[in-house]
Amino acid sequence: MRHLLLATLSLSVSLYSFSAFSLSNEADVLASPAEVSPTSPQPNDPIIQPKVISEQEARLSATYWLERMSQALRETQFKASLIQLQADHIRPMVYLHGEVEQHEIAFLEYLNGPPKNAVRVDNNVTFIEHDQQPYSVTASRIQGLWPQAFSGDIASLNAGYQFVLGGRSRIAGRPGQAIRILPKDSHRFGYQVWLDMESYLPLRYDMINDERQLIEQILVIELLVLKNTPGLLVEAYKQEWPPVINQPERKEGQNWQFDWLPQGFKVVTRDYRRLMGSPNVVEYIALTDGMVSISVYVARAGSTPLPEEIVTTNGLAIATEQVGNTEVVALGQMPSATLSRIAKSLTLEQ
């Protein structure tokens, strides 16, 4: 089969703890069940108050730090100058985030190469590139930065990851607290994030494979917490952006199901996507565990050429499998063995 580039890659990063940090401890009741009715407290019963965890004690929990980070990414107005490192590739960017008239606004600018920007107004993201007309999609974040769960529900990562509080180091002139996000199995990569100890915003984010090799890093080189909304975000809010692109309506799609997925992964999108270099569209299924996304493409064998391999420096892998008379391609920043197992587990339910 010919090598083709996929037209749409949804990789996020996307995107987590053993459990929510408890703010109270249970205490033993010092009365006998024969002496006290559980529905009729006695006057002399001791009043047992829940233990209140201090801010200092709470900061010893990795979950506490990640939950504060999630809140900060949603609510704090800030400007971050950062670089994305992937092997020998360096990409400098500027990211702004704020609020205009109770609407969340974000702006991402790529500083190298042809002009390329992205603007988010609430759940609509518009991409502005030099070689095509601006277009908009429905999304809760701008892809290419931090994983989806970083600004979402941290507890949703419990199934696949555990959190460990690490050491502290200075990044971008700010003291940072390290949090290790460790996979509970061998089906996915691990992560590390350093958080600003004052604002809780991320200062550094690493993706690491099972051999402890760095796959990708996003490093903040300057962080400014802003009191006022930047004028650029105000103008972005006032701008009339293109309407959201509607994907082809999925009327006759097959009922594809997965017999196996790593713990914590779920299907978030089912639609059709067109492959570059081909007029044909194929069925598309998007999976995520909150930290990483997987794209699965399904086509009748021989009807549409699908890629067999891909060479990248950012941990992106591909697996192509034939399931019955169907070809399945799974693509994501995951171990290739995991992608292959996911592709093979696809079944058609009648």
# chains A, B, ... in the order shown; residues from 1 in each chain; ligands from 1
>>> residues_around(residues="A:His97", least_positions_apart="5", cutoff="6 Å", atoms="only C-alpha atoms", output="ChimeraX atom specification")
/A:77-78,105-106
>>> write_last_selection(atoms="N, CA and C atoms", output="short mmCIF file (atom, residue, chain, number, x, y, z; two decimals), in the first residue's frame")
data_model
loop_
_atom_site.label_atom_id
_atom_site.label_comp_id
_atom_site.auth_asym_id
_atom_site.auth_seq_id
_atom_site.Cartn_x
_atom_site.Cartn_y
_atom_site.Cartn_z
N GLN A 77 -5.41 34.64 33.89
CA GLN A 77 -5.00 35.39 32.70
C GLN A 77 -3.47 35.42 32.68
N PHE A 78 -2.88 34.93 31.58
CA PHE A 78 -1.43 34.84 31.54
C PHE A 78 -0.92 34.84 30.11
N ILE A 105 -10.99 33.01 26.37
CA ILE A 105 -10.32 33.31 25.10
C ILE A 105 -8.87 32.86 25.21
N ALA A 106 -8.35 32.26 24.14
CA ALA A 106 -6.94 31.85 24.09
C ALA A 106 -6.39 32.10 22.70
#
>>> closest_atom_pairs(of="stretch 192-257 of chain A", to="stretch 58-75 of chain A", cutoff="8 Å", atoms="only C-alpha atoms", output="Markdown table")
| residue | atom | partner | partner_atom | distance |
| --- | --- | --- | --- | --- |
| A:Leu195 | CA | A:Met69 | CA | 7.3 |
| A:Ser199 | CA | A:Ala72 | CA | 7.0 |
| A:Tyr200 | CA | A:Met69 | CA | 4.9 |
| A:Leu201 | CA | A:Met69 | CA | 5.5 |
| A:Pro202 | CA | A:Met69 | CA | 7.0 |
>>> write_last_selection(atoms="all heavy atoms", output="mmCIF file, in the first residue's frame")
data_model
loop_
_atom_site.group_PDB
_atom_site.id
_atom_site.type_symbol
_atom_site.label_atom_id
_atom_site.label_comp_id
_atom_site.auth_asym_id
_atom_site.auth_seq_id
_atom_site.Cartn_x
_atom_site.Cartn_y
_atom_site.Cartn_z
ATOM 1 N N LEU A 195 5.192 22.617 37.949
ATOM 2 C CA LEU A 195 4.203 23.678 38.118
ATOM 3 C C LEU A 195 4.802 24.859 38.868
ATOM 4 O O LEU A 195 5.541 24.677 39.843
ATOM 5 C CB LEU A 195 2.988 23.151 38.890
ATOM 6 C CG LEU A 195 2.315 21.895 38.316
ATOM 7 C CD1 LEU A 195 1.136 21.503 39.174
ATOM 8 C CD2 LEU A 195 1.900 22.115 36.874
ATOM 9 N N SER A 199 1.604 30.436 40.869
ATOM 10 C CA SER A 199 0.385 30.486 40.061
ATOM 11 C C SER A 199 -0.190 29.109 39.748
ATOM 12 O O SER A 199 -1.329 29.014 39.290
ATOM 13 C CB SER A 199 0.674 31.209 38.743
ATOM 14 O OG SER A 199 1.546 30.437 37.930
ATOM 15 N N TYR A 200 0.596 28.033 39.944
ATOM 16 C CA TYR A 200 0.230 26.649 39.636
ATOM 17 C C TYR A 200 0.150 26.378 38.127
ATOM 18 O O TYR A 200 -0.288 25.305 37.716
ATOM 19 C CB TYR A 200 -1.099 26.261 40.305
ATOM 20 C CG TYR A 200 -1.034 26.314 41.814
ATOM 21 C CD1 TYR A 200 -1.453 27.444 42.502
ATOM 22 C CD2 TYR A 200 -0.533 25.237 42.545
ATOM 23 C CE1 TYR A 200 -1.386 27.507 43.881
ATOM 24 C CE2 TYR A 200 -0.468 25.287 43.929
ATOM 25 C CZ TYR A 200 -0.894 26.429 44.591
ATOM 26 O OH TYR A 200 -0.824 26.494 45.963
ATOM 27 N N LEU A 201 0.587 27.311 37.307
ATOM 28 C CA LEU A 201 0.594 27.096 35.867
ATOM 29 C C LEU A 201 1.769 26.197 35.486
ATOM 30 O O LEU A 201 2.813 26.208 36.141
ATOM 31 C CB LEU A 201 0.701 28.436 35.142
ATOM 32 C CG LEU A 201 -0.534 29.324 35.249
ATOM 33 C CD1 LEU A 201 -0.213 30.733 34.769
ATOM 34 C CD2 LEU A 201 -1.701 28.742 34.458
ATOM 35 N N PRO A 202 1.631 25.398 34.422
ATOM 36 C CA PRO A 202 2.729 24.509 34.026
ATOM 37 C C PRO A 202 3.909 25.279 33.458
ATOM 38 O O PRO A 202 3.747 26.181 32.641
ATOM 39 C CB PRO A 202 2.078 23.606 32.966
ATOM 40 C CG PRO A 202 0.903 24.369 32.472
ATOM 41 C CD PRO A 202 0.417 25.201 33.605
#
>>> residues_around(residues="A:Tyr237", least_positions_apart="6", cutoff="12 Å", atoms="only C-alpha atoms", output="list in words")
His97, Gly98, Glu99, Val100, Glu101, Gln102, His103, Glu104, Ile105, Ala106, Phe107, Val119, Arg120, Val121, Asp122, Asn124, Val125, Thr126, Thr229, Pro230 and Gly231 of chain A
>>> residues_around(residues="A:Met207", least_positions_apart="2", cutoff="6 Å", atoms="only C-alpha atoms", output="number ranges by chain")
A: 191, 215-216
>>> closest_residue(among="A:Ile142, A:Ala286, A:Leu316, A:Val328", to="A:Ala299", atoms="only C-alpha atoms")
A:Val328
>>> closest_atom_pairs(of="stretch 196-312 of chain A", to="stretch 169-183 of chain A", cutoff="9 Å", atoms="only C-alpha atoms", output="CSV")
residue,atom,partner,partner_atom,distance
A:Asp196,CA,A:Gly176,CA,4.6
A:Met197,CA,A:Gly176,CA,5.4
A:Glu198,CA,A:Pro175,CA,8.2
A:Tyr200,CA,A:Gly176,CA,8.7
A:Pro202,CA,A:Gly176,CA,8.6
A:Leu203,CA,A:Ile171,CA,6.6
A:Arg204,CA,A:Ile171,CA,7.7
A:Leu219,CA,A:Ile171,CA,8.5
A:Val220,CA,A:Ala172,CA,6.4
A:Ile221,CA,A:Ala172,CA,4.8
A:Glu222,CA,A:Ala172,CA,5.4
A:Leu223,CA,A:Ala172,CA,7.2
>>> write_last_selection(atoms="N, CA, C and O atoms", output="mmCIF file, in the first residue's frame")
data_model
loop_
_atom_site.group_PDB
_atom_site.id
_atom_site.type_symbol
_atom_site.label_atom_id
_atom_site.label_comp_id
_atom_site.auth_asym_id
_atom_site.auth_seq_id
_atom_site.Cartn_x
_atom_site.Cartn_y
_atom_site.Cartn_z
ATOM 1 N N ASP A 196 4.472 26.050 38.411
ATOM 2 C CA ASP A 196 4.881 27.268 39.105
ATOM 3 C C ASP A 196 4.288 27.251 40.516
ATOM 4 O O ASP A 196 3.076 27.078 40.686
ATOM 5 N N MET A 197 5.130 27.437 41.519
ATOM 6 C CA MET A 197 4.682 27.300 42.901
ATOM 7 C C MET A 197 3.810 28.459 43.361
ATOM 8 O O MET A 197 3.174 28.376 44.413
ATOM 9 N N GLU A 198 3.748 29.515 42.581
ATOM 10 C CA GLU A 198 2.895 30.647 42.941
ATOM 11 C C GLU A 198 1.564 30.614 42.188
ATOM 12 O O GLU A 198 0.493 30.739 42.795
ATOM 13 N N TYR A 200 0.596 28.033 39.944
ATOM 14 C CA TYR A 200 0.230 26.649 39.636
ATOM 15 C C TYR A 200 0.150 26.378 38.127
ATOM 16 O O TYR A 200 -0.288 25.305 37.716
ATOM 17 N N PRO A 202 1.631 25.398 34.422
ATOM 18 C CA PRO A 202 2.729 24.509 34.026
ATOM 19 C C PRO A 202 3.909 25.279 33.458
ATOM 20 O O PRO A 202 3.747 26.181 32.641
ATOM 21 N N LEU A 203 5.110 24.895 33.915
ATOM 22 C CA LEU A 203 6.358 25.494 33.435
ATOM 23 C C LEU A 203 7.105 24.558 32.490
ATOM 24 O O LEU A 203 7.869 25.025 31.641
ATOM 25 N N ARG A 204 6.899 23.267 32.655
ATOM 26 C CA ARG A 204 7.583 22.294 31.809
ATOM 27 C C ARG A 204 6.752 21.014 31.788
ATOM 28 O O ARG A 204 6.184 20.614 32.810
ATOM 29 N N LEU A 219 8.548 23.575 27.108
ATOM 30 C CA LEU A 219 9.277 24.312 28.146
ATOM 31 C C LEU A 219 8.926 25.795 28.080
ATOM 32 O O LEU A 219 9.078 26.433 27.033
ATOM 33 N N VAL A 220 8.434 26.328 29.186
ATOM 34 C CA VAL A 220 8.149 27.757 29.279
ATOM 35 C C VAL A 220 9.449 28.495 29.563
ATOM 36 O O VAL A 220 10.200 28.117 30.468
ATOM 37 N N ILE A 221 9.730 29.536 28.794
ATOM 38 C CA ILE A 221 10.933 30.339 29.024
ATOM 39 C C ILE A 221 10.605 31.694 29.635
ATOM 40 O O ILE A 221 11.478 32.369 30.176
ATOM 41 N N GLU A 222 9.323 32.083 29.573
ATOM 42 C CA GLU A 222 8.869 33.296 30.264
ATOM 43 C C GLU A 222 7.390 33.162 30.557
ATOM 44 O O GLU A 222 6.608 32.798 29.667
ATOM 45 N N LEU A 223 7.004 33.443 31.800
ATOM 46 C CA LEU A 223 5.606 33.368 32.208
ATOM 47 C C LEU A 223 5.214 34.677 32.872
ATOM 48 O O LEU A 223 5.855 35.114 33.836
#
>>> select_by_dssp(residues="stretch 23-236 of chain A", states="strand (DSSP E or B)", output="count of residues only")
94
